[in-house]
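Student: Shown below is the structure under consideration.
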Amino acid sequence: MRHLLRRILFYLFAAWAAITLNFVIPRLAPGDPAAVLLGNLQSRGIHVGAAYLKAIQAELGYNTGDPLPIQYLDYLNSLLHGNLGVAVTSSFEPVTNVIGRDIFWSLGLGLVSVILSFALGCLLGIVMAWKRGSLLDTILSPLLNFLSAIPYFWMALLILYIFGFELRWFPLTGGYDELNVDPGWTLDFIASVIYHGILPALTIVIASVAGWMLTMRNSMITTLSEDYVLMAKAKGLRTSRIMFAYAARNAILPNVAGFAISLGFIVGGQLLTEMVFSYPGIGYSLLQAVQNQDYSLMQGIFLVVALGVLGANFLAELSYAFLDPRVRLERSA
Amino acid sequence: MSLGKDLKHVATLEPETIPSTFPKKFPRRDSRLARLGENLRLVWRVLTSNRKVAIGSSIVAFFLLVAIFGPLLAPYDPTATSRLSETPPSAAHWLGTTATGQDIFSQLLYGTRSSVFWGFLTGLLVTLVSVVVGLVSGYFGGIIDEILSLVTNVFLVIPALPLAIVAVGYFPKGPLTIALVIILTNWSFNARLLRAQTLSMRSREFVTAARASGESAWRIIFFEIFPNEIGIVAAAFVSTVIFVLLAWTALEFLGLGDINTVSWGSMLYWAQQSDSIFSGLWWWFAPPGCCIALLGAALALINFGIDEIADPRLRSEISEHVPKELKEKAVT
């Protein structure tokens, strides 16, 4: 119980740190983001007056004349009210609306890809450790090692080029067929979403599967040399039973423990993947925010992604404590 | 991610430390030199004894040579435009040309210098920060450790790339900004690793002896403990460079770097801006990515090799823990 409390406190602190970083970074920066924003608007032929500049500055939280602590409290207050500012790139729509619209696409894509790559990676790792030195192991090991060093966005470019442009098997952009299908719970729409999601999901799975697999393989090899596995073999148990119920069950723990660090990396990769595929998730909005210096949107997306990853990590840790009783006992002692 | 997860095994590589009964009057410098020599011999043995390490370090050496001498060999000015736009690879332009007729092979040679230089330099700085935080936190313990560990763990769980994008977006574009932001977002993993390592080392006899002989804490940390962790630090540096390269190219790809300098990331930025995919210009976006992947894989290979040396169980031969007859019996 004490362990759980400690972890809850830690994640609350981490969330506070993310929120505060989000406040501090813009204020450390030289220059005036509001002026940049204004210049950007003017270059696009949108003219705004001095009054509007003041509004934007207040909106971004600068030059309001208040001392920093007051600005900080204002910031926290508007966060509590779910106010993240307005997105310039999306015709001054509230940032929360933009994110609220995109988040389902990102969550859907991310959940499916992470689950697929985790399951596939663990399974491959188990088989490779079991058949160590076999053809599968000697070919897959270096190949996946190579794949894990490839930048996500470049993998996305390559997959888009081969399967989208050259072979024309899959659509080049978007999350569904906007011309022919209306959003809704219809079979056509769902099919279209799946069809458009295959390439982005494939990218994330290929780019992230190596990490799970290599950890699983190494940890499985260590577990396979344990005495209790030898005992299981001596008893003449079925191979599948020894593999999954005896060895893999314990060998999977490092992968669950490493989930936290991997997830942050995969989410970053997913944002880049969405950008390349023009997938309507928050990654694509982030790209537009970056290109148009839309600071409010940029910060809003960072905040949502950071808090989301923290939440997922917390769940992963809970499941780890559930899977490995030693953690609970050790840390609360 | 998991590339450096098993680095803790590297600790077993460390040379034997000086026993606590070591006479105090004995010239200390000699012992340190001897230790350094032993470390260097160890490095050479590691480089040559394992196939993975040998292949990986050859590729890395190749890229370092290209980074140094490549621009001298470049047939064209990498930024000079010409009317020969979008030509596929040919004898005159080995890797074809861009939409504005720039020679991609020359760009790649120049880009290697920029990307490799900044990748290794930033990797070194990131490692430096992790070493300082990890060793100080692990050695001192107590409240210092509590605070440093908390900060480390927080940076570990906050997603690095989104934070880097936000931070870079606000500051003047350029390599310095990217380097600083990458240091900010990438130091935590190895700091935690080294903290754990130092924690296990600070109660060793040679540290106790140094403390008893009145050496200052900084001396103990950086001259007694650090040399014993050099293996793990080297491995941490190698995996850090991979992450730095990936992060660096990602930020440049988004146009957050200096888009007017030639580097792997900025090449990919311009390729993407010109919709090279939808014009079928594969020779534009493929080469820089191949270089990143190849260099990254070579670095990863080095680390896997080191893991295998440190933990023989990971080698790809069949394990000898189970007698063969028994194994066959169990399987059938």
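Chain lettering (A, B, ...) mirrors the order of the structure tokens, residue numbering begins at 1 for each chain separately, and ligand numbering begins at 1 in order of display.
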If you run DSSP on this backbone, which residues of segment 14-181 of chain A come out as helix (DSSP H, G or I), and could you give them as a ChimeraX atom specification?

Tutor: /A:14-28,33-43,50-60,68-80,95-130,135-148,152-166

Student: Counting only C-alpha atoms, what is within 7 Å of Ile182 of chain B, bar same-chain residues fewer than 4 positions away, as a list in words?

Tutor: Ala164, Ile178, Asn186 and Val244 of chain B

Student: Based on the selection just made, write all heavy atoms of those residues as a JSON list (two decimals), in the first residue's frame.

Tutor:
[["chain", "number", "residue", "atom", "x", "y", "z"],
["B", 164, "ALA", "N", 10.99, 18.23, -26.69],
["B", 164, "ALA", "CA", 12.04, 18.84, -27.50],
["B", 164, "ALA", "C", 11.42, 19.76, -28.56],
["B", 164, "ALA", "O", 11.92, 20.85, -28.82],
["B", 164, "ALA", "CB", 12.88, 17.76, -28.15],
["B", 178, "ILE", "N", 19.34, 23.03, -30.79],
["B", 178, "ILE", "CA", 18.99, 21.60, -30.85],
["B", 178, "ILE", "C", 19.85, 20.82, -29.87],
["B", 178, "ILE", "O", 19.35, 19.97, -29.13],
["B", 178, "ILE", "CB", 19.17, 21.06, -32.28],
["B", 178, "ILE", "CG1", 18.21, 21.78, -33.22],
["B", 178, "ILE", "CG2", 18.91, 19.57, -32.31],
["B", 178, "ILE", "CD1", 18.13, 21.15, -34.59],
["B", 186, "ASN", "N", 17.51, 14.06, -22.94],
["B", 186, "ASN", "CA", 18.03, 12.70, -23.10],
["B", 186, "ASN", "C", 19.00, 12.22, -22.02],
["B", 186, "ASN", "O", 19.47, 11.09, -22.11],
["B", 186, "ASN", "CB", 18.73, 12.56, -24.46],
["B", 186, "ASN", "CG", 17.73, 12.38, -25.58],
["B", 186, "ASN", "OD1", 17.21, 11.30, -25.77],
["B", 186, "ASN", "ND2", 17.44, 13.45, -26.30],
["B", 244, "VAL", "N", 20.59, 10.41, -29.95],
["B", 244, "VAL", "CA", 20.85, 11.79, -30.36],
["B", 244, "VAL", "C", 20.68, 11.93, -31.87],
["B", 244, "VAL", "O", 20.03, 12.87, -32.35],
["B", 244, "VAL", "CB", 22.26, 12.23, -29.92],
["B", 244, "VAL", "CG1", 22.63, 13.55, -30.56],
["B", 244, "VAL", "CG2", 22.34, 12.33, -28.42]]

Student: Residues near segment 190-194 of chain A, anyone? I mean within 10 Å using only C-alpha atoms, not counting same-chain ones fewer than 5 positions away, as a VMD selection string.

Tutor: chain A and resid 105 109 171 174 to 178 180 to 181 183 to 185 199 201

Student: With all heavy atoms kept, could you save the residues just selected as a CSV table (one decimal), in the first residue's frame?

Tutor:
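And here's selection.csv as it stands now:
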chain,number,residue,atom,x,y,z
A,105,TRP,N,-8.3,9.8,-33.1
A,105,TRP,CA,-7.5,9.2,-34.2
A,105,TRP,C,-6.1,8.7,-33.6
A,105,TRP,O,-5.7,7.5,-33.9
A,105,TRP,CB,-7.2,10.2,-35.3
A,105,TRP,CG,-8.5,10.5,-36.0
A,105,TRP,CD1,-9.3,11.6,-35.8
A,105,TRP,CD2,-9.1,9.8,-37.1
A,105,TRP,NE1,-10.3,11.6,-36.7
A,105,TRP,CE2,-10.2,10.5,-37.5
A,105,TRP,CE3,-8.8,8.6,-37.7
A,105,TRP,CZ2,-11.1,10.1,-38.5
A,105,TRP,CZ3,-9.6,8.1,-38.7
A,105,TRP,CH2,-10.7,8.9,-39.1
A,109,LEU,N,-5.0,4.7,-33.3
A,109,LEU,CA,-3.8,4.2,-34.0
A,109,LEU,C,-2.8,3.7,-33.0
A,109,LEU,O,-2.2,2.7,-33.2
A,109,LEU,CB,-3.3,5.4,-34.8
A,109,LEU,CG,-2.0,5.1,-35.6
A,109,LEU,CD1,-2.2,4.0,-36.7
A,109,LEU,CD2,-1.5,6.4,-36.3
A,171,PRO,N,-4.0,4.1,-49.6
A,171,PRO,CA,-4.1,5.6,-49.8
A,171,PRO,C,-2.9,6.3,-49.3
A,171,PRO,O,-2.2,5.8,-48.5
A,171,PRO,CB,-5.3,5.9,-49.0
A,171,PRO,CG,-5.5,4.9,-48.0
A,171,PRO,CD,-5.0,3.6,-48.6
A,174,GLY,N,-4.5,10.9,-45.2
A,174,GLY,CA,-5.8,11.0,-44.5
A,174,GLY,C,-6.1,9.8,-43.6
A,174,GLY,O,-5.4,8.8,-43.6
A,175,GLY,N,-7.2,9.9,-42.8
A,175,GLY,CA,-7.6,8.9,-41.9
A,175,GLY,C,-8.8,8.1,-42.5
A,175,GLY,O,-9.1,7.0,-42.0
A,176,TYR,N,-9.5,8.6,-43.4
A,176,TYR,CA,-10.6,7.9,-44.1
A,176,TYR,C,-10.9,8.6,-45.4
A,176,TYR,O,-10.4,9.6,-45.7
A,176,TYR,CB,-11.9,7.9,-43.2
A,176,TYR,CG,-12.5,9.2,-43.0
A,176,TYR,CD1,-13.6,9.6,-43.8
A,176,TYR,CD2,-12.0,10.1,-42.1
A,176,TYR,CE1,-14.2,10.8,-43.6
A,176,TYR,CE2,-12.6,11.3,-41.9
A,176,TYR,CZ,-13.7,11.7,-42.7
A,176,TYR,OH,-14.3,12.9,-42.5
A,177,ASP,N,-11.7,7.9,-46.3
A,177,ASP,CA,-12.0,8.4,-47.6
A,177,ASP,C,-13.0,9.5,-47.5
A,177,ASP,O,-14.2,9.3,-47.4
A,177,ASP,CB,-12.5,7.3,-48.4
A,177,ASP,CG,-12.6,7.7,-49.9
A,177,ASP,OD1,-12.5,8.9,-50.2
A,177,ASP,OD2,-12.9,6.8,-50.7
A,178,GLU,N,-12.5,10.8,-47.5
A,178,GLU,CA,-13.4,11.9,-47.1
A,178,GLU,C,-14.4,12.2,-48.3
A,178,GLU,O,-15.4,12.8,-48.0
A,178,GLU,CB,-12.5,13.2,-46.8
A,178,GLU,CG,-11.8,13.1,-45.5
A,178,GLU,CD,-10.8,14.2,-45.3
A,178,GLU,OE1,-11.1,15.3,-45.6
A,178,GLU,OE2,-9.7,13.8,-44.8
A,180,ASN,N,-15.9,10.0,-50.4
A,180,ASN,CA,-17.0,9.0,-50.6
A,180,ASN,C,-17.7,8.5,-49.3
A,180,ASN,O,-18.7,7.9,-49.4
A,180,ASN,CB,-16.5,7.8,-51.4
A,180,ASN,CG,-15.8,8.3,-52.7
A,180,ASN,OD1,-16.4,9.1,-53.4
A,180,ASN,ND2,-14.7,7.7,-53.0
A,181,VAL,N,-17.1,8.7,-48.2
A,181,VAL,CA,-17.6,8.1,-47.0
A,181,VAL,C,-17.9,9.2,-45.9
A,181,VAL,O,-17.1,10.1,-45.7
A,181,VAL,CB,-16.6,7.1,-46.4
A,181,VAL,CG1,-17.2,6.4,-45.2
A,181,VAL,CG2,-16.2,6.1,-47.4
A,183,PRO,N,-18.4,10.2,-42.0
A,183,PRO,CA,-18.1,9.6,-40.7
A,183,PRO,C,-19.4,9.2,-40.0
A,183,PRO,O,-20.4,9.8,-40.1
A,183,PRO,CB,-17.5,10.8,-39.9
A,183,PRO,CG,-17.1,11.8,-41.0
A,183,PRO,CD,-18.1,11.6,-42.1
A,184,GLY,N,-19.2,8.1,-39.2
A,184,GLY,CA,-20.4,7.5,-38.5
A,184,GLY,C,-20.1,6.1,-38.3
A,184,GLY,O,-19.2,5.5,-38.8
A,185,TRP,N,-21.0,5.4,-37.5
A,185,TRP,CA,-20.8,4.0,-37.2
A,185,TRP,C,-21.3,3.1,-38.3
A,185,TRP,O,-22.1,2.2,-38.1
A,185,TRP,CB,-21.4,3.7,-35.8
A,185,TRP,CG,-20.6,4.3,-34.7
A,185,TRP,CD1,-21.1,5.3,-33.9
A,185,TRP,CD2,-19.3,4.0,-34.3
A,185,TRP,NE1,-20.1,5.6,-33.0
A,185,TRP,CE2,-19.0,4.8,-33.2
A,185,TRP,CE3,-18.4,3.0,-34.7
A,185,TRP,CZ2,-17.8,4.8,-32.6
A,185,TRP,CZ3,-17.2,3.0,-34.1
A,185,TRP,CH2,-16.9,3.8,-33.0
A,199,LEU,N,-1.1,1.4,-43.1
A,199,LEU,CA,0.3,1.8,-43.3
A,199,LEU,C,0.9,2.5,-42.1
A,199,LEU,O,2.0,2.1,-41.6
A,199,LEU,CB,0.4,2.6,-44.5
A,199,LEU,CG,0.4,1.9,-45.9
A,199,LEU,CD1,0.7,2.9,-47.0
A,199,LEU,CD2,1.2,0.7,-45.9
A,201,ALA,N,0.0,2.2,-39.0
A,201,ALA,CA,0.2,1.2,-37.9
A,201,ALA,C,1.4,0.3,-38.2
A,201,ALA,O,2.2,0.0,-37.3
A,201,ALA,CB,-1.1,0.4,-37.8

Student: I want to know what sits within 6 Å of Phe253 of chain B, based on only C-alpha atoms, with residues of the same chain fewer than 6 positions away left out; could you give that as a PDB file with C-alpha atoms, in the first residue's frame?

Tutor:
ATOM      1  CA  GLY B 265      18.042  15.883 -41.375  1.00  0.00           C
ATOM      2  CA  SER B 266      17.825  19.011 -43.492  1.00  0.00           C
ATOM      3  CA  LEU B 268      15.091  14.984 -45.525  1.00  0.00           C
ATOM      4  CA  TYR B 269      13.326  18.256 -44.689  1.00  0.00           C
TER       5      TYR B 269
END

Student: Would you write out, as a Markdown table, a table of all residues in chain A that have an atom no more than 6 Å from an atom of chain B, listing for each the closest atom pair and the distance in Å to one decimal, considering only C-alpha atoms and ordering rows by chain and rising residue number?

Tutor:
| residue | atom | partner | partner_atom | distance |
| --- | --- | --- | --- | --- |
| A:Ala14 | CA | B:Val154 | CA | 5.2 |
| A:Ala29 | CA | B:Phe171 | CA | 5.7 |
| A:Gly133 | CA | B:Ser316 | CA | 5.2 |
| A:Phe146 | CA | B:Ala297 | CA | 4.8 |
| A:Ala149 | CA | B:Gly296 | CA | 4.9 |
| A:Ile150 | CA | B:Ala293 | CA | 4.5 |
| A:Pro151 | CA | B:Leu246 | CA | 5.7 |
| A:Tyr161 | CA | B:Ile277 | CA | 5.8 |
| A:Gly211 | CA | B:Ser2 | CA | 5.4 |
| A:Lys233 | CA | B:Ala330 | CA | 5.0 |
| A:Gly236 | CA | B:Ala330 | CA | 5.1 |
| A:Ser262 | CA | B:Met1 | CA | 5.1 |
| A:Gly264 | CA | B:Pro159 | CA | 4.4 |
| A:Gly268 | CA | B:Leu161 | CA | 5.3 |
| A:Phe302 | CA | B:Pro162 | CA | 5.6 |
| A:Ala306 | CA | B:Ile158 | CA | 5.7 |

Student: In Å, rounded to a single decimal, give me how far atom CA of Glu317 of chain A is from atom CA of Phe259 of chain A.

Tutor: 8.6 Å

Student: What does the distance from atom CA of Ala61 of chain B to atom CA of Leu40 of chain B come to in Å, to one decimal?

Tutor: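 We find that atom CA of Ala61 of chain B and atom CA of Leu40 of chain B lie 17.7 Å from each other.
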
Student: Determine the nearest neighbour of Thr100 of chain B from the options B:Val66, B:Leu184, B:Leu124, B:Ala271, counting only C-alpha atoms.

Tutor: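 So, comparing all the options, the nearest one is B:Ala271.
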
Student: Per DSSP on the backbone, filter segment 59-243 of chain A down to the residues in strand (DSSP E) and report them as a ChimeraX atom specification.

Tutor: /A:86-87,93-94

Student: Using only C-alpha atoms, determine which residues lie at most 6 Å from segment 103-106 of chain B, disregarding the query and same-chain residues fewer than 6 positions distant; provide the list as a list in words.

Tutor: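 Counting only C-alpha atoms, the residues come to Ala74, Tyr76, Pro78, Leu95, Gly96 and Thr97 of chain B.
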
Student: Taking only C-alpha atoms into account, name the residue in A:Val309, A:Tyr279, A:Leu303, A:Val290 that is nearest to Ser106 of chain A.

Tutor: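 Once distances to Ser106 of chain A are computed over only C-alpha atoms, the minimum belongs to A:Tyr279.
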
Student: Ala251 of chain A: which residues within 9 Å, counting only C-alpha atoms, same-chain residues fewer than 6 positions away excluded, as JSON, numbers by chain?

Tutor: {"A": [126, 216, 217, 218, 219, 220, 221, 222, 223, 224]}

Student: Kindly save the residues from that selection, with C-alpha atoms included, as a PDB file, in the first residue's frame.

Tutor:
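Final output, saved to out-v5.pdb:
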ATOM      1  CA  ILE A 126      10.205 -16.186 -26.884  1.00  0.00           C
ATOM      2  CA  MET A 216      12.344 -10.517 -24.414  1.00  0.00           C
ATOM      3  CA  ARG A 217      14.959 -12.697 -26.110  1.00  0.00           C
ATOM      4  CA  ASN A 218      17.719 -11.758 -23.680  1.00  0.00           C
ATOM      5  CA  SER A 219      15.562 -12.099 -20.607  1.00  0.00           C
ATOM      6  CA  MET A 220      14.122 -15.394 -21.882  1.00  0.00           C
ATOM      7  CA  ILE A 221      17.615 -16.800 -22.438  1.00  0.00           C
ATOM      8  CA  THR A 222      18.512 -15.964 -18.844  1.00  0.00           C
ATOM      9  CA  THR A 223      15.297 -17.531 -17.575  1.00  0.00           C
ATOM     10  CA  LEU A 224      15.732 -20.681 -19.660  1.00  0.00           C
TER      11      LEU A 224
END

Student: Neighbours of segment 130-135 of chain B within 12 Å (only C-alpha atoms; same-chain residues fewer than 3 positions away dropped), as a PDB file with C-alpha atoms, in the first residue's frame?

Tutor:
ATOM      1  CA  GLY B 123      26.180  12.428 -27.401  1.00  0.00           C
ATOM      2  CA  LEU B 124      29.342  13.223 -25.462  1.00  0.00           C
ATOM      3  CA  LEU B 125      27.711  16.151 -23.662  1.00  0.00           C
ATOM      4  CA  VAL B 126      24.593  14.120 -22.833  1.00  0.00           C
ATOM      5  CA  THR B 127      26.822  11.374 -21.421  1.00  0.00           C
ATOM      6  CA  GLY B 138      24.821   7.507  -6.236  1.00  0.00           C
ATOM      7  CA  TYR B 139      27.852   8.485  -4.183  1.00  0.00           C
ATOM      8  CA  PHE B 140      26.347  11.019  -1.821  1.00  0.00           C
ATOM      9  CA  GLY B 141      23.020   9.318  -1.198  1.00  0.00           C
ATOM     10  CA  ILE B 144      21.016  14.867  -2.643  1.00  0.00           C
ATOM     11  CA  ASP B 145      20.230  11.444  -4.071  1.00  0.00           C
ATOM     12  CA  GLU B 146      16.519  11.820  -3.316  1.00  0.00           C
ATOM     13  CA  ILE B 147      16.308  15.105  -5.213  1.00  0.00           C
ATOM     14  CA  LEU B 148      18.492  14.100  -8.157  1.00  0.00           C
ATOM     15  CA  SER B 149      16.713  10.759  -8.498  1.00  0.00           C
ATOM     16  CA  LEU B 150      13.352  12.465  -8.477  1.00  0.00           C
ATOM     17  CA  VAL B 151      14.397  14.855 -11.238  1.00  0.00           C
ATOM     18  CA  THR B 152      15.946  11.980 -13.207  1.00  0.00           C
ATOM     19  CA  ASN B 153      12.817   9.861 -12.948  1.00  0.00           C
ATOM     20  CA  PHE B 155      12.624  13.409 -17.090  1.00  0.00           C
ATOM     21  CA  ILE B 183      20.811  17.337 -23.715  1.00  0.00           C
ATOM     22  CA  LEU B 184      17.817  18.462 -21.664  1.00  0.00           C
ATOM     23  CA  THR B 185      15.605  15.637 -22.889  1.00  0.00           C
ATOM     24  CA  ASN B 186      18.034  12.702 -23.097  1.00  0.00           C
ATOM     25  CA  TRP B 187      20.337  12.632 -20.073  1.00  0.00           C
ATOM     26  CA  SER B 188      18.042  10.838 -17.650  1.00  0.00           C
ATOM     27  CA  PHE B 189      18.258   7.223 -18.843  1.00  0.00           C
ATOM     28  CA  ASN B 190      21.989   6.806 -18.392  1.00  0.00           C
ATOM     29  CA  ALA B 191      22.014   8.904 -15.237  1.00  0.00           C
ATOM     30  CA  ARG B 192      19.751   6.325 -13.629  1.00  0.00           C
ATOM     31  CA  LEU B 193      21.913   3.500 -14.911  1.00  0.00           C
ATOM     32  CA  LEU B 194      25.104   5.052 -13.532  1.00  0.00           C
ATOM     33  CA  ARG B 195      23.483   5.932 -10.231  1.00  0.00           C
ATOM     34  CA  ALA B 196      22.628   2.287  -9.645  1.00  0.00           C
ATOM     35  CA  GLN B 197      26.168   1.311 -10.588  1.00  0.00           C
ATOM     36  CA  THR B 198      27.737   3.886  -8.260  1.00  0.00           C
ATOM     37  CA  LEU B 199      25.425   2.881  -5.454  1.00  0.00           C
ATOM     38  CA  SER B 200      26.803  -0.642  -5.614  1.00  0.00           C
ATOM     39  CA  MET B 201      30.344   0.654  -5.724  1.00  0.00           C
ATOM     40  CA  ARG B 202      30.439   3.216  -2.971  1.00  0.00           C
ATOM     41  CA  ALA B 217      34.429  13.596  -2.337  1.00  0.00           C
ATOM     42  CA  TRP B 218      34.986  14.962  -5.867  1.00  0.00           C
ATOM     43  CA  ARG B 219      38.309  13.183  -6.132  1.00  0.00           C
ATOM     44  CA  ILE B 220      36.793   9.931  -4.990  1.00  0.00           C
ATOM     45  CA  ILE B 221      33.904  10.244  -7.422  1.00  0.00           C
ATOM     46  CA  PHE B 222      35.855  11.175 -10.524  1.00  0.00           C
ATOM     47  CA  PHE B 223      39.264   9.591  -9.920  1.00  0.00           C
ATOM     48  CA  GLU B 224      38.406   6.483  -7.910  1.00  0.00           C
ATOM     49  CA  ILE B 225      34.890   5.457  -8.895  1.00  0.00           C
ATOM     50  CA  PHE B 226      34.636   6.849 -12.425  1.00  0.00           C
ATOM     51  CA  PRO B 227      37.606   4.895 -13.869  1.00  0.00           C
ATOM     52  CA  ASN B 228      35.948   1.717 -12.659  1.00  0.00           C
ATOM     53  CA  GLU B 229      32.769   2.563 -14.534  1.00  0.00           C
ATOM     54  CA  ILE B 230      34.480   3.485 -17.770  1.00  0.00           C
ATOM     55  CA  ILE B 232      29.542   1.092 -18.687  1.00  0.00           C
ATOM     56  CA  VAL B 233      29.993   4.783 -19.517  1.00  0.00           C
ATOM     57  CA  ALA B 234      31.399   3.885 -22.936  1.00  0.00           C
ATOM     58  CA  ALA B 236      26.081   4.355 -22.429  1.00  0.00           C
ATOM     59  CA  PHE B 237      27.762   6.824 -24.765  1.00  0.00           C
ATOM     60  CA  THR B 240      23.200   7.779 -26.437  1.00  0.00           C
TER      61      THR B 240
END
